[in-house]
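Here's data-v2.cif, which has mmCIF, C-alpha atoms:
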```
data_my_file
loop_
_atom_site.label_atom_id
_atom_site.label_comp_id
_atom_site.auth_asym_id
_atom_site.auth_seq_id
_atom_site.Cartn_x
_atom_site.Cartn_y
_atom_site.Cartn_z
CA MET A 279 9.03 108.27 121.54
CA LEU A 280 11.30 105.60 120.03
CA LEU A 281 10.96 104.39 116.45
CA PRO A 282 12.08 100.98 115.15
CA THR A 283 14.94 100.98 112.65
CA PRO A 284 14.36 100.25 108.95
CA ASN A 285 15.99 96.81 109.16
CA GLY A 286 13.35 95.65 111.59
CA GLY A 287 15.87 94.91 114.33
CA SER A 288 15.70 95.66 118.01
CA ASP A 289 17.67 98.90 117.77
CA GLN A 290 15.51 101.98 117.89
CA LEU A 291 15.70 105.54 116.69
CA SER A 292 15.52 108.29 119.27
CA ASP A 293 12.83 110.91 119.23
CA LEU A 294 14.11 113.67 116.95
CA SER A 295 11.34 116.18 117.52
CA PHE A 296 13.87 118.69 118.80
CA VAL A 297 15.68 118.73 115.45
CA SER A 298 15.12 121.76 113.24
CA ASP A 299 16.48 120.00 110.14
CA PRO A 300 13.76 120.15 107.43
CA LEU A 301 14.47 116.52 106.53
CA TYR A 302 13.12 115.54 109.95
CA LYS A 303 9.76 117.10 109.19
CA ILE A 304 9.55 115.09 105.94
CA PHE A 305 10.62 111.91 107.74
CA HIS A 306 8.10 112.45 110.54
CA ARG A 307 5.21 112.75 108.08
CA ASN A 308 6.20 109.64 106.13
CA VAL A 309 7.46 107.33 108.86
CA ASN A 310 6.28 104.15 107.14
CA ALA A 311 8.16 104.78 103.86
CA ARG A 312 11.43 102.87 103.57
CA ILE A 313 13.48 105.79 102.22
CA GLN A 314 12.11 108.18 104.82
CA ARG A 315 13.03 105.74 107.55
CA LEU A 316 16.59 105.59 106.19
CA LEU A 317 16.63 109.38 106.38
CA GLY A 318 15.40 109.16 109.95
CA GLU A 319 18.15 106.73 110.87
CA ALA A 320 20.76 109.03 109.30
CA LEU A 321 19.45 111.98 111.30
CA ALA A 322 19.47 109.89 114.49
CA GLN A 323 23.14 109.05 113.90
CA LYS A 324 23.92 112.68 113.14
CA TYR A 325 22.77 113.68 116.61
CA SER A 326 24.25 110.65 118.40
CA SER A 327 27.79 110.18 119.70
CA ARG A 328 27.48 106.39 119.91
CA THR A 329 27.46 105.51 116.21
CA GLY A 330 29.56 106.20 113.14
CA LYS A 331 29.07 109.19 110.91
CA SER A 332 26.13 109.57 108.57
CA SER A 333 25.46 111.82 105.60
CA ILE A 334 22.59 112.63 103.28
CA THR A 335 23.08 113.97 99.76
CA SER A 336 20.05 114.71 97.63
CA ALA A 337 18.42 116.44 94.69
CA SER A 338 14.76 116.87 93.82
CA ARG A 339 12.44 117.93 91.00
CA THR A 340 8.86 119.10 91.40
CA PHE A 341 6.29 118.70 88.61
CA LEU A 342 3.01 120.45 87.89
CA ASN A 343 1.02 117.33 88.68
CA THR A 344 1.39 113.82 90.10
CA HIS A 345 0.86 112.20 86.69
CA ASP A 346 4.02 113.79 85.29
CA ALA A 347 5.89 112.88 88.47
CA ASP A 348 4.74 109.25 88.11
CA ASP A 349 5.90 109.13 84.49
CA PHE A 350 9.26 110.64 85.34
CA PHE A 351 9.83 108.32 88.31
CA ASN A 352 8.98 105.25 86.26
CA SER A 353 11.27 106.36 83.43
CA LEU A 354 14.20 106.54 85.87
CA ARG A 355 13.47 103.50 88.04
CA ALA A 356 15.32 100.89 85.96
CA GLY A 357 18.38 103.14 85.64
CA LEU A 358 18.97 103.01 89.39
CA PHE A 359 19.90 99.34 89.12
CA ARG A 360 22.08 99.70 85.98
CA VAL A 361 25.23 100.60 87.88
CA ARG A 362 27.47 101.07 84.84
CA GLU A 363 25.24 103.91 83.67
CA TRP A 364 26.16 105.81 86.83
CA ASN A 365 29.48 106.56 85.11
CA GLU A 366 27.61 108.96 82.84
CA LYS A 367 26.28 110.87 85.84
CA THR A 368 29.46 111.54 87.87
CA THR A 369 32.52 113.61 87.05
CA LEU A 370 35.39 111.74 88.77
CA ALA A 371 34.09 108.53 90.30
CA SER A 372 33.79 105.35 88.22
CA PHE A 373 31.76 102.17 88.79
CA GLU A 374 31.97 98.61 87.47
CA LEU A 375 29.61 95.74 88.15
CA PHE A 376 30.78 92.17 88.92
CA ASP A 377 28.77 89.06 89.70
CA GLU A 378 29.21 86.97 92.85
CA LYS A 379 31.98 84.97 91.14
CA GLY A 380 33.99 88.09 90.38
CA SER A 381 33.23 88.14 86.64
CA ILE A 382 31.80 91.03 84.64
CA PRO A 383 28.24 89.94 83.75
CA GLU A 384 26.58 90.52 80.41
CA ARG A 385 23.45 91.73 82.16
CA GLN A 386 23.25 95.42 82.98
CA THR A 387 21.04 95.25 86.07
CA ALA A 388 22.54 94.66 89.53
CA ILE A 389 21.17 91.92 91.80
CA VAL A 390 21.74 91.13 95.47
CA GLY A 391 25.15 89.48 95.91
CA ASP A 392 26.84 91.39 93.08
CA PHE A 393 30.05 93.33 93.67
CA ILE A 394 30.64 96.95 92.69
CA ARG A 395 34.16 98.27 92.16
CA LEU A 396 34.32 101.96 92.97
CA SER A 397 37.21 104.22 91.99
CA MET A 398 37.21 107.56 93.76
CA PRO A 399 39.95 110.23 93.60
CA GLY A 400 41.86 110.58 96.85
CA THR A 401 41.45 106.97 98.04
CA GLY A 402 44.72 105.62 96.61
CA LYS A 403 43.09 102.63 94.89
CA SER A 404 39.79 101.11 93.85
CA VAL A 405 37.56 99.73 96.61
CA TRP A 406 34.88 97.05 96.63
CA ALA A 407 31.32 96.87 97.90
CA THR A 408 28.61 94.24 97.67
CA VAL A 409 24.92 94.74 96.94
CA ILE A 410 22.99 93.70 100.05
CA GLU A 411 19.48 94.94 99.29
CA ILE A 412 17.32 95.99 96.37
CA VAL A 413 13.89 97.54 96.85
CA ASN A 414 11.63 98.20 93.86
CA GLU A 415 8.19 99.22 95.03
CA ALA A 416 5.52 101.79 94.30
CA GLY A 417 6.97 105.24 94.88
CA GLU A 418 10.48 104.16 95.85
CA ALA A 419 13.47 102.24 94.54
CA ILE A 420 16.61 101.54 96.59
CA LEU A 421 19.97 99.90 95.99
CA THR A 422 22.03 99.41 99.18
CA ILE A 423 25.70 98.40 99.29
CA LYS A 424 28.22 97.75 102.03
CA PRO A 425 32.04 97.51 101.99
CA SER A 426 33.30 94.04 101.18
CA ASN A 427 36.33 91.90 100.55
CA ASN A 428 37.46 91.63 96.96
CA PRO A 429 35.40 89.16 94.89
CA PRO A 430 36.76 85.71 94.00
CA GLY A 431 39.87 85.80 91.84
CA ASN A 432 40.85 89.33 92.84
CA GLU A 433 42.55 88.77 96.20
CA PRO A 434 43.66 85.60 98.02
CA ASN A 435 42.82 86.79 101.55
CA LYS A 436 39.03 86.92 101.75
CA ASN A 437 39.13 88.18 105.35
CA THR A 438 40.62 91.50 104.25
CA ARG A 439 38.20 94.31 103.48
CA SER A 440 39.39 96.34 100.49
CA HIS A 441 37.59 99.48 101.59
CA PHE A 442 38.55 102.49 103.68
CA VAL A 443 35.37 102.36 105.79
CA ALA A 444 34.28 99.46 108.01
CA SER A 445 31.95 96.69 106.86
CA THR A 446 29.23 97.97 109.22
CA SER A 447 28.80 101.02 106.95
CA THR A 448 26.13 101.16 104.25
CA ASN A 449 25.36 103.38 101.27
CA SER A 450 21.79 103.49 99.97
CA PHE A 451 21.07 104.98 96.55
CA CYS A 452 17.40 105.94 96.60
CA LEU A 453 14.85 107.17 94.07
CA GLU A 454 11.58 108.43 95.54
CA LYS A 455 8.31 109.76 94.19
CA ASN A 456 6.28 111.73 96.76
CA LYS A 457 3.16 113.43 95.40
CA ALA A 458 4.39 115.74 92.59
CA ALA A 459 8.09 115.53 93.52
CA VAL A 460 10.79 113.05 92.49
CA SER A 461 13.95 112.92 94.61
CA PHE A 462 17.25 111.08 94.53
CA TYR A 463 19.21 110.43 97.74
CA VAL A 464 22.56 108.95 98.67
CA ILE A 465 22.25 107.99 102.34
CA GLU A 466 25.42 106.89 104.15
CA LEU A 467 25.08 105.23 107.54
CA SER A 468 27.50 104.16 110.31
CA GLU A 469 30.64 105.34 108.53
CA LYS A 470 33.90 104.84 110.39
CA ALA A 471 37.45 104.07 109.31
CA ASN A 472 38.27 100.44 108.53
CA THR A 473 40.96 99.75 111.14
CA ASP A 474 40.09 96.15 112.07
CA GLU A 475 39.70 94.45 108.69
CA ALA A 476 42.40 96.14 106.60
CA GLY A 477 45.03 93.41 106.78
CA ASN A 478 48.15 95.42 107.60
CA PHE A 479 49.41 98.64 109.18
CA LEU A 480 49.86 100.53 105.90
CA GLU A 481 46.30 99.74 104.82
CA THR A 482 44.99 100.78 108.22
CA ALA A 483 46.89 104.08 108.05
CA ARG A 484 45.59 104.72 104.53
CA ASN A 485 42.02 104.00 105.58
CA VAL A 486 42.19 106.37 108.56
CA ALA A 487 43.72 109.10 106.39
CA VAL A 488 41.19 108.75 103.58
CA SER A 489 38.19 108.56 105.90
CA MET A 490 39.28 111.83 107.52
CA VAL A 491 40.63 113.77 104.53
CA GLY A 492 38.09 112.72 101.88
CA PRO A 493 35.04 114.30 103.55
CA TYR A 494 37.14 117.36 104.46
CA LEU A 495 37.97 117.99 100.82
CA GLY A 496 34.41 117.30 99.81
CA ILE A 497 35.45 114.91 97.01
CA GLN A 498 33.09 112.10 97.86
CA ASN A 499 30.17 114.33 98.74
CA GLY A 500 30.75 116.28 95.52
CA GLU A 501 30.53 113.09 93.49
CA TRP A 502 27.37 111.98 95.26
CA LYS A 503 25.84 115.40 94.64
CA ALA A 504 26.68 115.15 90.94
CA LEU A 505 25.07 111.70 90.83
CA CYS A 506 21.90 112.99 92.52
CA VAL A 507 21.57 116.03 90.26
CA ASN A 508 22.46 114.28 87.01
CA PHE A 509 20.19 111.34 87.72
CA LEU A 510 17.25 113.75 87.62
CA GLN A 511 18.32 115.54 84.44
CA VAL A 512 15.74 115.89 81.68
CA THR A 513 16.44 113.77 78.59
CA GLY A 514 15.53 114.70 75.03
CA ARG A 515 12.48 112.44 75.12
CA GLU A 516 11.25 114.08 78.31
CA LYS A 517 11.75 117.55 76.82
CA ASN A 518 9.50 116.56 73.92
CA ARG A 519 6.86 115.46 76.43
CA GLY A 520 7.14 118.75 78.32
CA LEU A 521 8.46 117.26 81.61
#
```

This entry written out as structure tokens:
Amino acid sequence: MLLPTPNGGSDQLSDLSFVSDPLYKIFHRNVNARIQRLLGEALAQKYSSRTGKSSITSASRTFLNTHDADDFFNSLRAGLFRVREWNEKTTLASFELFDEKGSIPERQTAIVGDFIRLSMPGTGKSVWATVIEIVNEAGEAILTIKPSNNPPGNEPNKNTRSHFVASTSTNSFCLEKNKAAVSFYVIELSEKANTDEAGNFLETARNVAVSMVGPYLGIQNGEWKALCVNFLQVTGREKNRGL
């Protein structure tokens, strides 16, 4: 059986029934949910030699009942789109939000078309991504970014991607409520080194090195894990409510 991809395009996901990964079983039961379909696409890439690399980082909390899970999910939903607050939930990475004109907006909530500047140890410099999709629906909230050129006013050559992975890559930051559980995922799809849009040989060499060494050292995955875990931490208000 082939399953259509989350973006609604003509590409299809292969049948993954042979996979023992427990995430496949969750995906298979919830095939119509947007986040679960992103997980399915990541698993399809994991077992395919024709696409870039994928990764899934996650954390989850289970409550005594669905009412508490609903309350907790709704209390966290808005925070997913307040990118600057992510700085409080990671140990090394830092994030800054810019509007489509390259200015720091007064608003706290990201919108489609915004830029995010990400500083990650081991990359050699800050990199840029743009927000390409925001989903805010019952039971799931998603913010998806892809590598981009620098925003206006930050670099004269707008054809140069200031990121060490190619512009076909995406990162989806996902908050999900499923029955009595609330989960946070960072789902990375189609990751490969940016060798075609880097602008010069030194940038290309840096991108290849970072894309190979970063995952090996576990720096990026460690930061995403910290974000997942800390996003689901209990606040003082929630402690008082017994969550």

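For the set A:Ser332, A:Gln511, A:Thr344, A:Ser426, the residue with the smallest atom-to-atom gap to Lys367 of chain A is A:Gln511, counting all atoms listed in the file.
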
key: Nearby residues (all atoms listed in the file) at most 10 Å from Asn352 of chain A, same-chain spacing under 4 positions excluded, as a PyMOL selection string   = chain A and resi 346-348+356-357+416-419+453+455

Ground truth for the PyMOL selection byres ((chain A and resi 392) around 9), written as a PyMOL selection string = chain A and resi 375-380+388-391+393-394+407-410

message = Can you tell me which residues surround Phe373 of chain A at a distance of at most 8 Å, considering only C-alpha atoms, apart from same-chain residues fewer than 4 positions away, and format the answer as JSON, numbers by chain?
response = {"A": [361, 362, 364, 365, 394, 395, 396, 397]}

Please produce an output containing C-alpha atoms for each residue in the selection, written as a PDB file, in the coordinates of the input.
```
ATOM      1  CA  VAL A 361      25.230 100.600  87.880  1.00  0.00           C
ATOM      2  CA  ARG A 362      27.470 101.070  84.840  1.00  0.00           C
ATOM      3  CA  TRP A 364      26.160 105.810  86.830  1.00  0.00           C
ATOM      4  CA  ASN A 365      29.480 106.560  85.110  1.00  0.00           C
ATOM      5  CA  ILE A 394      30.640  96.950  92.690  1.00  0.00           C
ATOM      6  CA  ARG A 395      34.160  98.270  92.160  1.00  0.00           C
ATOM      7  CA  LEU A 396      34.320 101.960  92.970  1.00  0.00           C
ATOM      8  CA  SER A 397      37.210 104.220  91.990  1.00  0.00           C
TER       9      SER A 397
END
```

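Of note, atom CA of Ala320 of chain A and atom CA of Leu467 of chain A are spaced 6.0 Å apart.
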
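With distances restricted to only C-alpha atoms, A:Thr335 is the closest residue to Glu501 of chain A from A:Thr335, A:Gln386, A:His345, A:Leu358.
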
message = If I take atom CA of Thr387 of chain A and atom CA of Arg360 of chain A, how far is one from the other in Å, to one decimal?
response = 4.6 Å

Distance criterion (all atoms listed in the file): nearest to Ser333 of chain A out of A:Phe351, A:Ser450, A:Asn456, A:Leu505 = A:Ser450

key: Residues matched by the PyMOL selection byres ((chain A and resi 451) around 8), written as an MDAnalysis selection string   = chainID A and resid 358 420:422 449:450 452:453 462:465

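Rounded to one decimal, atom CA of Lys324 of chain A and atom CA of Leu354 of chain A lie 29.6 Å from each other.
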
ask   = Applied to the shown file, which residues does the PyMOL selection byres ((chain A and resi 337) around 7) return, written as a list in words?
value = Ser336, Ser338, Ser461, Phe462, Tyr463, Cys506 and Val507 of chain A

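The closest residue to Ala458 of chain A, picked from A:Asp349, A:Glu384, A:Glu319, A:Glu366 and counting all atoms listed in the file, is A:Asp349.
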
key: Residue contacts of Lys331 of chain A (10 Å, all atoms listed in the file) excluding same-chain residues fewer than 6 positions away, as number ranges by chain   = A: 320, 323-325, 447, 466-471

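Nearest to Phe359 of chain A of all the residues A:Asn428, A:Asn499, A:Asn414, A:Thr448 is A:Asn414, based on only C-alpha atoms.
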